[in-house]
>>> print(open('structure.cif').read())   # mmCIF, C-alpha atoms
data_query
loop_
_atom_site.label_atom_id
_atom_site.label_comp_id
_atom_site.auth_asym_id
_atom_site.auth_seq_id
_atom_site.Cartn_x
_atom_site.Cartn_y
_atom_site.Cartn_z
CA MET A 1 -81.18 -92.48 44.63
CA ALA A 2 -84.16 -93.55 42.57
CA LEU A 3 -86.24 -91.00 40.71
CA SER A 4 -89.85 -91.91 41.08
CA THR A 5 -93.30 -90.70 40.20
CA HIS A 6 -95.22 -88.62 42.72
CA THR A 7 -98.91 -87.93 43.21
CA THR A 8 -99.80 -84.31 43.92
CA PRO A 9 -102.38 -83.12 46.44
CA SER A 10 -104.79 -82.54 43.57
CA GLY A 11 -104.42 -86.17 42.53
CA PHE A 12 -102.16 -85.72 39.53
CA LEU A 13 -99.43 -88.27 38.91
CA LEU A 14 -96.13 -86.55 38.14
CA PRO A 15 -93.68 -88.53 35.98
CA SER A 16 -90.33 -89.53 37.45
CA ILE A 17 -88.51 -87.00 35.29
CA HIS A 18 -90.15 -84.27 37.35
CA SER A 19 -88.01 -85.46 40.29
CA ALA A 20 -84.81 -84.83 38.36
CA PRO A 21 -83.24 -81.42 39.14
CA PRO A 22 -81.95 -80.81 35.60
CA PHE A 23 -85.48 -81.06 34.23
CA PHE A 24 -86.03 -77.49 35.44
CA THR A 25 -83.06 -76.05 33.54
CA GLU A 26 -83.25 -75.08 29.87
CA GLN A 27 -80.69 -77.39 28.21
CA PRO A 28 -77.88 -76.07 26.03
CA ASN A 29 -77.52 -79.27 23.98
CA GLN A 30 -79.98 -79.19 21.11
CA SER A 31 -81.19 -82.76 21.09
CA THR A 32 -81.43 -82.93 24.88
CA HIS A 33 -83.39 -79.68 24.74
CA ALA A 34 -85.81 -81.13 22.20
CA HIS A 35 -86.26 -84.29 24.25
CA LEU A 36 -86.97 -82.51 27.55
CA THR A 37 -89.12 -79.85 25.89
CA GLU A 38 -91.37 -82.57 24.53
CA LYS A 39 -91.71 -83.94 28.06
CA TRP A 40 -92.56 -80.51 29.45
CA ILE A 41 -95.20 -79.83 26.84
CA HIS A 42 -96.85 -83.17 27.40
CA LEU A 43 -96.81 -82.56 31.14
CA ILE A 44 -98.31 -79.08 30.81
CA LEU A 45 -101.14 -80.21 28.54
CA THR A 46 -101.95 -83.27 30.59
CA TYR A 47 -102.06 -81.22 33.78
CA ALA A 48 -104.21 -78.57 32.11
CA ARG A 49 -106.64 -81.25 31.09
CA HIS A 50 -106.64 -82.73 34.59
CA LYS A 51 -107.42 -79.43 36.30
CA ARG A 52 -109.32 -77.85 33.41
CA LEU A 53 -106.88 -74.99 33.17
CA PHE A 54 -107.09 -73.07 29.91
CA VAL A 55 -104.52 -70.33 30.35
CA LEU A 56 -100.80 -70.42 31.07
CA ARG A 57 -98.88 -67.24 31.82
CA VAL A 58 -95.21 -66.40 32.23
CA GLU A 59 -96.36 -64.90 35.51
CA ASP A 60 -97.12 -68.44 36.75
CA ALA A 61 -93.37 -69.03 36.86
CA GLU A 62 -92.65 -65.64 38.39
CA VAL A 63 -95.07 -65.61 41.29
CA PRO A 64 -95.79 -68.58 43.55
CA GLY A 65 -99.25 -69.44 44.81
CA GLY A 66 -100.88 -69.85 41.40
CA GLU A 67 -102.72 -72.81 39.91
CA TRP A 68 -99.66 -74.20 38.17
CA ASP A 69 -97.38 -74.61 41.17
CA GLU A 70 -97.69 -78.37 41.31
CA ILE A 71 -96.07 -78.58 37.87
CA LEU A 72 -93.84 -75.54 37.62
CA ARG A 73 -92.21 -76.12 40.98
CA ASN A 74 -90.92 -79.10 42.91
CA GLU A 75 -90.50 -78.23 46.56
CA ARG A 76 -89.07 -81.64 47.40
CA ILE A 77 -85.95 -80.94 45.35
CA ASN A 78 -86.11 -77.15 45.62
CA ARG A 79 -86.34 -76.49 41.90
CA ARG A 80 -88.62 -74.40 39.73
CA ILE A 81 -88.89 -73.61 36.07
CA LEU A 82 -87.59 -70.11 35.36
CA PRO A 83 -89.77 -67.55 33.53
CA GLN A 84 -87.39 -67.46 30.58
CA TYR A 85 -87.71 -71.23 30.05
CA LEU A 86 -91.47 -71.16 30.42
CA SER A 87 -91.70 -68.36 27.90
CA SER A 88 -89.62 -70.41 25.47
CA LEU A 89 -91.87 -73.45 26.02
CA MET A 90 -94.94 -71.35 25.34
CA ALA A 91 -93.44 -70.16 22.06
CA ILE A 92 -92.76 -73.74 21.03
CA MET A 93 -96.31 -74.80 21.86
CA VAL A 94 -97.69 -71.95 19.79
CA ALA A 95 -95.46 -72.94 16.89
CA LYS A 96 -96.77 -76.48 17.13
CA ASN A 97 -100.38 -75.30 17.28
CA LEU A 98 -100.83 -76.66 20.75
CA ALA A 99 -101.59 -73.18 22.08
CA VAL A 100 -102.27 -69.64 20.88
CA TYR A 101 -101.27 -66.28 22.28
CA GLU A 102 -104.45 -64.87 23.72
CA PRO A 103 -105.02 -62.01 23.42
CA SER A 104 -102.99 -61.79 20.24
CA LYS A 105 -100.00 -59.48 19.80
CA GLN A 106 -98.53 -60.34 23.19
CA THR A 107 -96.39 -63.19 24.42
CA ARG A 108 -97.03 -63.37 28.14
CA ALA A 109 -100.11 -65.58 28.08
CA VAL A 110 -101.35 -68.49 26.00
CA LEU A 111 -104.62 -70.31 25.59
CA LEU A 112 -103.87 -74.03 25.77
CA TYR A 113 -105.24 -76.56 23.30
CA TRP A 114 -105.36 -79.67 25.46
CA ARG A 115 -108.32 -80.22 23.22
CA LEU A 116 -108.15 -78.82 19.69
CA PRO A 117 -110.73 -76.24 18.59
CA GLU A 118 -112.11 -78.82 16.15
CA GLU A 119 -112.65 -81.21 19.03
CA TRP A 120 -114.24 -78.48 21.12
CA ALA A 121 -116.60 -77.82 18.22
CA ASP A 122 -117.77 -81.43 18.28
CA VAL A 123 -118.16 -81.44 22.07
CA LEU A 124 -120.13 -78.22 21.86
CA HIS A 125 -122.49 -79.46 19.20
CA SER A 126 -123.03 -82.79 20.98
CA TRP A 127 -123.85 -80.97 24.18
CA ALA A 128 -126.34 -78.67 22.44
CA THR A 129 -127.99 -81.67 20.82
CA ALA A 130 -128.07 -83.78 23.98
CA THR A 131 -129.57 -81.01 26.07
CA GLY A 132 -132.27 -80.34 23.48
CA GLN A 133 -131.02 -76.85 22.73
CA LEU A 134 -130.88 -77.00 18.95
CA ASN A 135 -132.53 -74.12 17.16
CA THR A 136 -132.71 -71.98 20.29
CA ILE A 137 -130.59 -68.92 20.81
CA LEU A 138 -127.97 -69.16 23.55
CA THR A 139 -125.67 -66.47 24.83
CA PHE A 140 -121.98 -67.23 25.12
CA TYR A 141 -122.27 -66.76 28.83
CA GLU A 142 -124.99 -69.40 29.12
CA ILE A 143 -122.67 -71.87 27.44
CA SER A 144 -119.50 -71.19 29.40
CA ASP A 145 -121.23 -70.83 32.73
CA PRO A 146 -124.29 -73.06 32.74
CA PRO A 147 -126.22 -73.76 35.94
CA ILE A 148 -125.34 -77.43 35.68
CA GLN A 149 -121.69 -78.48 35.12
CA SER A 150 -121.17 -79.34 31.50
CA PRO A 151 -118.20 -80.30 29.34
CA LEU A 152 -118.11 -76.65 28.33
CA SER A 153 -117.99 -75.17 31.82
CA GLY A 154 -115.25 -72.62 32.18
CA ILE A 155 -114.35 -72.53 28.52
CA PRO A 156 -112.79 -69.14 27.73
CA ILE A 157 -114.85 -67.05 25.35
CA PRO A 158 -112.12 -66.76 22.67
CA LEU A 159 -111.94 -70.55 22.50
CA LEU A 160 -115.71 -70.85 22.44
CA ARG A 161 -115.85 -68.40 19.61
CA ARG A 162 -113.29 -70.41 17.62
CA ALA A 163 -115.33 -73.58 18.13
CA ILE A 164 -118.50 -71.88 16.99
CA THR A 165 -116.75 -70.50 13.91
CA ILE A 166 -115.73 -74.03 13.00
CA LEU A 167 -119.32 -75.23 13.40
CA SER A 168 -120.63 -72.40 11.27
CA ARG A 169 -118.45 -73.55 8.37
CA SER A 170 -120.42 -76.79 8.29
CA ASN A 171 -123.69 -75.03 8.96
CA ARG A 172 -124.06 -76.46 12.39
CA ALA A 173 -124.10 -73.09 14.14
CA GLN A 174 -124.69 -69.42 13.44
CA ILE A 175 -123.46 -66.45 15.47
CA ILE A 176 -126.20 -64.01 16.32
CA GLY A 177 -125.97 -60.56 17.83
CA VAL A 178 -127.99 -60.36 21.02
CA ALA A 179 -128.93 -57.45 23.28
CA ASP A 180 -125.62 -56.97 25.10
CA GLY A 181 -123.21 -59.49 23.66
CA GLU A 182 -122.95 -62.45 21.39
CA GLY A 183 -125.20 -65.42 20.97
CA VAL A 184 -125.39 -68.53 18.89
CA ARG A 185 -127.94 -70.84 17.42
CA PHE A 186 -127.13 -74.50 16.79
CA PHE A 187 -128.54 -76.56 13.98
CA VAL A 188 -128.78 -80.24 13.35
CA GLY A 189 -125.48 -81.42 11.89
CA MET B 1 -29.01 -143.02 -22.40
CA HIS B 2 -32.25 -141.71 -23.78
CA ARG B 3 -33.89 -144.92 -22.98
CA GLY B 4 -32.49 -144.79 -19.46
CA VAL B 5 -34.05 -141.41 -18.96
CA GLY B 6 -37.27 -142.61 -20.45
CA LEU B 7 -37.44 -145.58 -18.12
CA ALA B 8 -36.53 -143.52 -15.10
CA ALA B 9 -39.19 -141.02 -16.00
CA PHE B 10 -41.78 -143.78 -16.31
CA ASP B 11 -40.74 -145.13 -12.97
CA LYS B 12 -40.98 -141.72 -11.34
CA GLU B 13 -44.44 -141.26 -12.72
CA GLN B 14 -45.56 -144.60 -11.46
CA LEU B 15 -44.02 -143.95 -8.10
CA SER B 16 -45.67 -140.56 -7.64
CA GLN B 17 -48.96 -142.01 -8.77
CA ARG B 18 -48.69 -144.76 -6.21
CA PHE B 19 -47.74 -142.25 -3.57
CA ALA B 20 -50.76 -140.20 -4.51
CA GLU B 21 -53.01 -143.23 -4.28
CA LEU B 22 -51.50 -144.18 -0.97
CA SER B 23 -51.88 -140.71 0.53
CA SER B 24 -55.49 -140.40 -0.57
CA GLU B 25 -56.15 -143.83 0.90
CA LEU B 26 -54.72 -142.70 4.18
CA SER B 27 -56.84 -139.56 4.13
CA LYS B 28 -59.89 -141.61 3.29
CA THR B 29 -59.37 -143.77 6.33
CA GLN B 30 -58.92 -140.78 8.50
CA VAL B 31 -61.94 -139.11 7.04
CA ASP B 32 -64.08 -142.19 7.52
CA ASN B 33 -62.94 -142.35 11.10
CA LEU B 34 -63.70 -138.73 11.69
CA GLN B 35 -67.08 -139.04 10.08
CA SER B 36 -68.12 -141.91 12.30
CA GLN B 37 -66.90 -140.04 15.38
CA LEU B 38 -68.87 -136.98 14.37
CA THR B 39 -71.98 -139.04 13.82
CA GLN B 40 -71.65 -140.50 17.29
CA PHE B 41 -71.05 -137.05 18.72
CA ARG B 42 -74.00 -135.62 16.91
CA THR B 43 -76.31 -138.32 18.20
CA ALA B 44 -75.15 -137.71 21.74
CA LEU B 45 -75.59 -134.01 21.23
CA SER B 46 -79.13 -134.37 19.89
CA HIS B 47 -80.00 -136.39 22.91
CA PHE B 48 -78.51 -133.76 25.18
CA ALA B 49 -80.34 -131.01 23.37
CA THR B 50 -83.72 -132.64 23.70
CA THR B 51 -83.22 -133.45 27.34
CA HIS B 52 -81.87 -130.10 28.48
CA ARG B 53 -83.22 -127.54 26.07
CA ASP B 54 -85.86 -126.18 28.41
CA SER B 55 -83.48 -125.95 31.33
CA ILE B 56 -80.97 -124.01 29.30
CA ARG B 57 -83.60 -121.53 28.28
CA SER B 58 -85.21 -120.98 31.63
CA ASP B 59 -82.53 -121.55 34.24
CA PRO B 60 -79.65 -119.08 34.26
CA ALA B 61 -77.48 -121.24 36.53
CA PHE B 62 -77.81 -124.23 34.21
CA ARG B 63 -77.22 -122.01 31.22
CA HIS B 64 -74.08 -120.66 32.85
CA ALA B 65 -72.78 -124.19 33.50
CA PHE B 66 -73.56 -125.14 29.93
CA GLN B 67 -71.61 -122.21 28.57
CA GLN B 68 -68.68 -123.05 30.83
CA MET B 69 -68.68 -126.59 29.48
CA CYS B 70 -68.74 -125.32 25.93
CA SER B 71 -65.75 -123.09 26.42
CA SER B 72 -63.78 -125.78 28.24
CA ILE B 73 -64.09 -128.15 25.31
CA GLY B 74 -63.30 -125.35 22.91
CA VAL B 75 -66.73 -125.02 21.37
CA ASP B 76 -68.30 -121.65 20.79
CA PRO B 77 -72.07 -122.07 20.71
CA LEU B 78 -72.39 -118.81 18.83
CA ALA B 79 -69.94 -119.69 16.06
CA GLY B 80 -70.85 -121.07 12.70
CA PRO B 81 -72.47 -119.94 9.50
CA MET B 82 -75.99 -120.45 10.71
CA LYS B 83 -77.82 -117.88 12.74
CA GLY B 84 -76.70 -118.51 16.30
CA GLY B 85 -74.38 -121.35 15.33
CA TRP B 86 -74.60 -125.11 15.12
CA TRP B 87 -75.14 -125.70 18.82
CA ALA B 88 -77.67 -122.97 18.94
CA GLU B 89 -79.50 -124.66 16.15
CA MET B 90 -79.43 -128.01 17.97
CA LEU B 91 -80.72 -126.51 21.15
CA GLY B 92 -83.12 -124.12 19.56
CA MET B 93 -81.16 -121.35 21.23
CA GLY B 94 -80.96 -119.45 17.94
CA ASP B 95 -84.40 -117.99 18.37
CA TRP B 96 -83.91 -117.32 22.06
CA GLN B 97 -80.64 -115.52 21.46
CA TYR B 98 -82.05 -113.58 18.57
CA GLU B 99 -85.08 -112.53 20.54
CA LEU B 100 -82.88 -111.30 23.38
CA GLY B 101 -80.73 -109.38 20.93
CA VAL B 102 -83.76 -107.65 19.48
CA GLN B 103 -84.97 -106.70 22.94
CA ILE B 104 -81.60 -105.27 23.89
CA VAL B 105 -81.59 -103.13 20.76
CA ASP B 106 -85.15 -102.07 21.54
CA VAL B 107 -84.23 -100.82 25.02
CA CYS B 108 -81.05 -99.10 23.84
CA VAL B 109 -82.79 -97.29 21.02
CA SER B 110 -85.74 -96.20 23.12
CA THR B 111 -83.52 -94.77 25.88
CA ARG B 112 -80.97 -93.23 23.56
CA GLU B 113 -82.59 -89.81 23.50
CA ARG B 114 -82.45 -89.68 27.25
CA ASN B 115 -78.96 -91.04 27.89
CA GLY B 116 -77.08 -90.28 24.69
CA GLY B 117 -76.56 -93.92 23.75
CA VAL B 118 -74.91 -95.16 26.92
CA ILE B 119 -76.90 -97.22 29.39
CA GLU B 120 -75.90 -98.78 32.69
CA MET B 121 -75.87 -102.58 32.59
CA GLY B 122 -78.15 -103.03 35.57
CA GLU B 123 -80.76 -100.77 34.06
CA LEU B 124 -80.53 -102.58 30.70
CA VAL B 125 -81.03 -105.96 32.35
CA ARG B 126 -83.95 -104.58 34.36
CA MET B 127 -85.68 -103.11 31.34
CA VAL B 128 -85.14 -106.15 29.12
CA SER B 129 -86.49 -108.35 31.90
CA LYS B 130 -89.58 -106.18 32.07
CA LEU B 131 -90.05 -106.52 28.32
CA ARG B 132 -89.82 -110.28 28.51
CA GLY B 133 -92.10 -110.78 31.48
CA VAL B 134 -91.68 -113.44 34.16
CA GLU B 135 -92.53 -116.56 32.14
CA SER B 136 -89.57 -116.33 29.81
CA GLY B 137 -87.09 -117.13 32.54
CA VAL B 138 -84.51 -114.97 34.25
CA ILE B 139 -82.02 -112.99 32.20
CA THR B 140 -78.59 -112.38 33.67
CA GLU B 141 -75.90 -109.85 32.93
CA GLU B 142 -73.91 -112.70 31.37
CA ASP B 143 -76.73 -113.43 28.92
CA VAL B 144 -76.84 -109.81 27.89
CA ILE B 145 -73.09 -109.57 27.45
CA ARG B 146 -73.10 -112.69 25.27
CA SER B 147 -75.95 -111.39 23.23
CA ILE B 148 -74.22 -108.07 22.70
CA LYS B 149 -71.24 -109.91 21.22
CA THR B 150 -73.52 -111.21 18.49
CA LEU B 151 -74.69 -107.67 17.80
CA GLN B 152 -71.22 -106.47 16.90
CA PRO B 153 -71.53 -107.37 13.20
CA LEU B 154 -74.36 -104.84 13.06
CA GLY B 155 -71.67 -102.18 13.00
CA ALA B 156 -73.80 -99.96 15.16
CA GLY B 157 -71.27 -99.81 17.94
CA TYR B 158 -72.87 -102.12 20.50
CA GLU B 159 -70.23 -102.66 23.13
CA VAL B 160 -69.85 -103.38 26.81
CA LEU B 161 -67.67 -100.93 28.71
CA ASP B 162 -66.13 -101.51 32.10
CA VAL B 163 -66.04 -98.22 33.98
CA GLY B 164 -64.53 -99.56 37.17
CA GLY B 165 -66.02 -100.16 40.58
CA GLY B 166 -67.69 -103.30 39.23
CA LYS B 167 -69.93 -101.21 37.01
CA LYS B 168 -70.53 -101.83 33.34
CA MET B 169 -72.13 -99.66 30.71
CA VAL B 170 -73.48 -100.63 27.32
CA ARG B 171 -72.80 -98.26 24.46
CA SER B 172 -75.05 -98.40 21.45
CA VAL B 173 -73.75 -95.55 19.34
CA VAL B 174 -70.66 -95.49 17.17
CA LYS B 175 -69.09 -92.58 19.00
CA GLU B 176 -66.42 -93.96 21.28
CA LEU B 177 -66.42 -93.11 24.96
CA ASP B 178 -63.01 -91.67 25.68
CA ALA B 179 -61.14 -92.59 28.83
CA ASP B 180 -62.03 -89.36 30.63
CA GLN B 181 -65.72 -89.90 29.95
CA ALA B 182 -65.50 -93.40 31.38
CA VAL B 183 -64.02 -91.97 34.56
CA ILE B 184 -66.74 -89.34 34.76
CA LEU B 185 -69.38 -92.03 34.36
CA ALA B 186 -67.85 -94.05 37.16
CA GLU B 187 -67.71 -91.09 39.54
CA ALA B 188 -71.26 -90.06 38.67
CA GLN B 189 -72.41 -93.57 39.54
CA VAL B 190 -71.03 -93.14 43.03
CA GLU B 191 -73.06 -89.98 43.62
CA GLY B 192 -76.25 -91.36 42.14
CA GLY B 193 -76.07 -89.55 38.83
CA TRP B 194 -74.52 -86.14 39.30
CA ILE B 195 -71.00 -84.80 38.98
CA VAL B 196 -69.07 -81.53 39.22
CA GLU B 197 -65.50 -80.47 38.42
CA ALA B 198 -64.60 -80.43 42.13
CA ILE B 199 -65.20 -84.17 42.50
CA LEU B 200 -62.91 -84.96 39.61
CA GLU B 201 -60.25 -82.63 40.97
CA ASN B 202 -60.40 -84.02 44.50
CA ARG B 203 -60.86 -87.72 43.79
CA ARG B 204 -58.93 -88.09 40.56
CA GLY B 205 -56.40 -85.30 40.76
CA TRP B 206 -57.56 -83.68 37.56
CA THR B 207 -56.90 -80.06 36.77
CA ARG B 208 -59.87 -77.76 36.66
CA GLU B 209 -59.40 -77.25 32.92
CA ARG B 210 -59.37 -80.95 32.18
CA ALA B 211 -62.49 -81.52 34.25
CA ARG B 212 -64.35 -78.61 32.70
CA ALA B 213 -63.38 -79.56 29.13
CA ALA B 214 -64.49 -83.16 29.61
CA LEU B 215 -67.79 -82.20 31.21
CA GLU B 216 -68.58 -79.52 28.66
CA ASN B 217 -67.89 -81.94 25.80
CA MET B 218 -70.19 -84.52 27.33
CA LEU B 219 -72.84 -81.88 27.73
CA LEU B 220 -72.68 -79.85 24.54
CA ARG B 221 -70.98 -82.04 21.99
CA ASP B 222 -72.12 -85.53 22.92
CA GLY B 223 -75.44 -84.99 24.65
CA LEU B 224 -74.49 -87.43 27.38
CA CYS B 225 -75.46 -85.29 30.33
CA TRP B 226 -77.96 -82.69 31.48
CA LEU B 227 -77.31 -79.38 33.16
CA ASP B 228 -78.81 -78.29 36.48
CA SER B 229 -78.17 -74.59 37.03
CA GLN B 230 -80.10 -74.23 40.27
CA ASP B 231 -77.90 -76.20 42.59
CA GLU B 232 -77.70 -74.53 45.97
CA HIS B 233 -74.10 -75.53 46.64
CA TYR B 234 -72.28 -75.76 43.31
CA GLY B 235 -74.40 -73.56 41.08
CA GLN B 236 -73.92 -75.70 37.98
CA VAL B 237 -74.14 -79.46 38.27
CA TYR B 238 -73.97 -82.08 35.53
CA TRP B 239 -76.40 -85.01 35.62
CA ILE B 240 -75.79 -88.19 33.70
CA PRO B 241 -79.02 -90.00 32.84
CA SER B 242 -77.29 -93.31 32.29
CA ALA B 243 -75.94 -93.12 35.84
CA MET B 244 -79.28 -92.12 37.30
CA ARG B 245 -81.68 -94.71 38.61
CA TRP B 246 -85.10 -94.42 36.97
CA ASP B 247 -88.16 -95.89 38.55
CA GLU B 248 -90.29 -96.55 35.51
#
>>> encode(input="structure.cif", output="structure tokens")
Amino acid sequence: MALSTHTTPSGFLLPSIHSAPPFFTEQPNQSTHAHLTEKWIHLILTYARHKRLFVLRVEDAEVPGGEWDEILRNERINRRILPQYLSSLMAIMVAKNLAVYEPSKQTRAVLLYWRLPEEWADVLHSWATATGQLNTILTFYEISDPPIQSPLSGIPIPLLRRAITILSRSNRAQIIGVADGEGVRFFVG
Amino acid sequence: MHRGVGLAAFDKEQLSQRFAELSSELSKTQVDNLQSQLTQFRTALSHFATTHRDSIRSDPAFRHAFQQMCSSIGVDPLAGPMKGGWWAEMLGMGDWQYELGVQIVDVCVSTRERNGGVIEMGELVRMVSKLRGVESGVITEEDVIRSIKTLQPLGAGYEVLDVGGGKKMVRSVVKELDADQAVILAEAQVEGGWIVEAILENRRGWTRERARAALENMLLRDGLCWLDSQDEHYGQVYWIPSAMRWDE
């Protein structure tokens, strides 16, 4: 019985370890646990990047039908990751700075850093420069939901705000209060 | 009387000296003989080495025959003070052997986290072959076993284990596999990687306690297996990565 890779309907290539039933159980042996946890985290972040998913919730392991089913469940072997394990994985990712609890002061949902805020800051500034939008005022909404698909499309506002804060430290952006929300102006960097 | 003793003593000395001369002369003849034989042998061997070196490296059947010949004339190609031995040096097998050894260690170390330091022979051969690529020639189980013998001085525990049913495992950690673990490995192989107490009780006549203790040790203490707690039939099932077939 060979364990092989598998391509999901959304075109994501699952590693062969995903076909192994024990992968979905939180391991009692410490070094095995560390080894498999590393695999899970890599899988989660890679999948998030593939589908541009920014948020992971414990609920995604509790209720089927969500956007994470292809990863958190394997129907072919009738296994799924249990909420307790997912919660523990989320805590580890937060500890490693690969995610943050968002909103803060709760532990049921995390914002995933499949791209670090520093990297998002660079992407954001490059986009503003390339689209000739330096020195103009943009609302957060215009950035996260532009008429034309951009590298920033769908970015959650908390993450956008973090990226802008990073840019402001090097004087490449400035947050501005606008009529009914927040806006930003980008500068040459 | 004194003089008699003196003369006798002189005679004895002369005699032993002559004996000494005679015995060293004999040895010298023998040594000369041996030397000339060795020179002849060495010449023949050089010729052999040049002619067949490539075949030995690339053709496992020829290599096997060569090794058989070596052992039948009582020569161990791996013996000797030089890396790989005298023969190895003649045939340039030193580098080949060394390279294979390094690749075996590479595979064992890189899979250790997953399988706890025990890997199935077939998988080891497969992965080393992949590392080498097609051009280097086919590697057989025999080659790997021979190479592992040379790794023993490393003191890192490299050893080939026979777990029955024609299956072999290679252990690369110092922790010894006890007899019960070897049995568990063999049974897990049969199922394709998983095992439960019931199998050991039914097929091997173990008590439940013995089976549980052995499996729990492998799981918790030695990190040699993984737990699956969602099995529909048994509830808790133990999976042994070194007995699982990985397609990567």
>>> interface_residues(input="structure.cif", of="chain B", to="chain A", cutoff="6 Å", atoms="all atoms listed in the file", output="MDAnalysis selection string")
chainID B and resid 192 220 227:228 245:247
>>> atom_distance(input="structure.cif", atom1="atom CA of B:Lys168", atom2="atom CA of B:Arg63")
21.4 Å
>>> atom_distance(input="structure.cif", atom1="atom CA of B:Ala213", atom2="atom CA of A:Lys39")
28.7 Å
>>> resolve_selection(input="structure.cif", expression="the PyMOL selection byres ((chain A and resi 40-43) around 12)", output="ChimeraX atom specification")
/A:12-18,23-26,33-39,44-50,56,68,70-72,81,85-86,88-94,96-99,112-114
>>> resolve_selection(input="structure.cif", expression="the PyMOL selection byres ((chain A and resi 157) around 12)", output="JSON, numbers by chain")
{"A": [54, 55, 102, 103, 111, 139, 140, 141, 142, 143, 144, 145, 152, 153, 154, 155, 156, 158, 159, 160, 161, 162, 163, 164, 181, 182, 183]}
>>> atom_distance(input="structure.cif", atom1="atom CA of B:Ser129", atom2="atom CA of B:Ala182")
25.8 Å
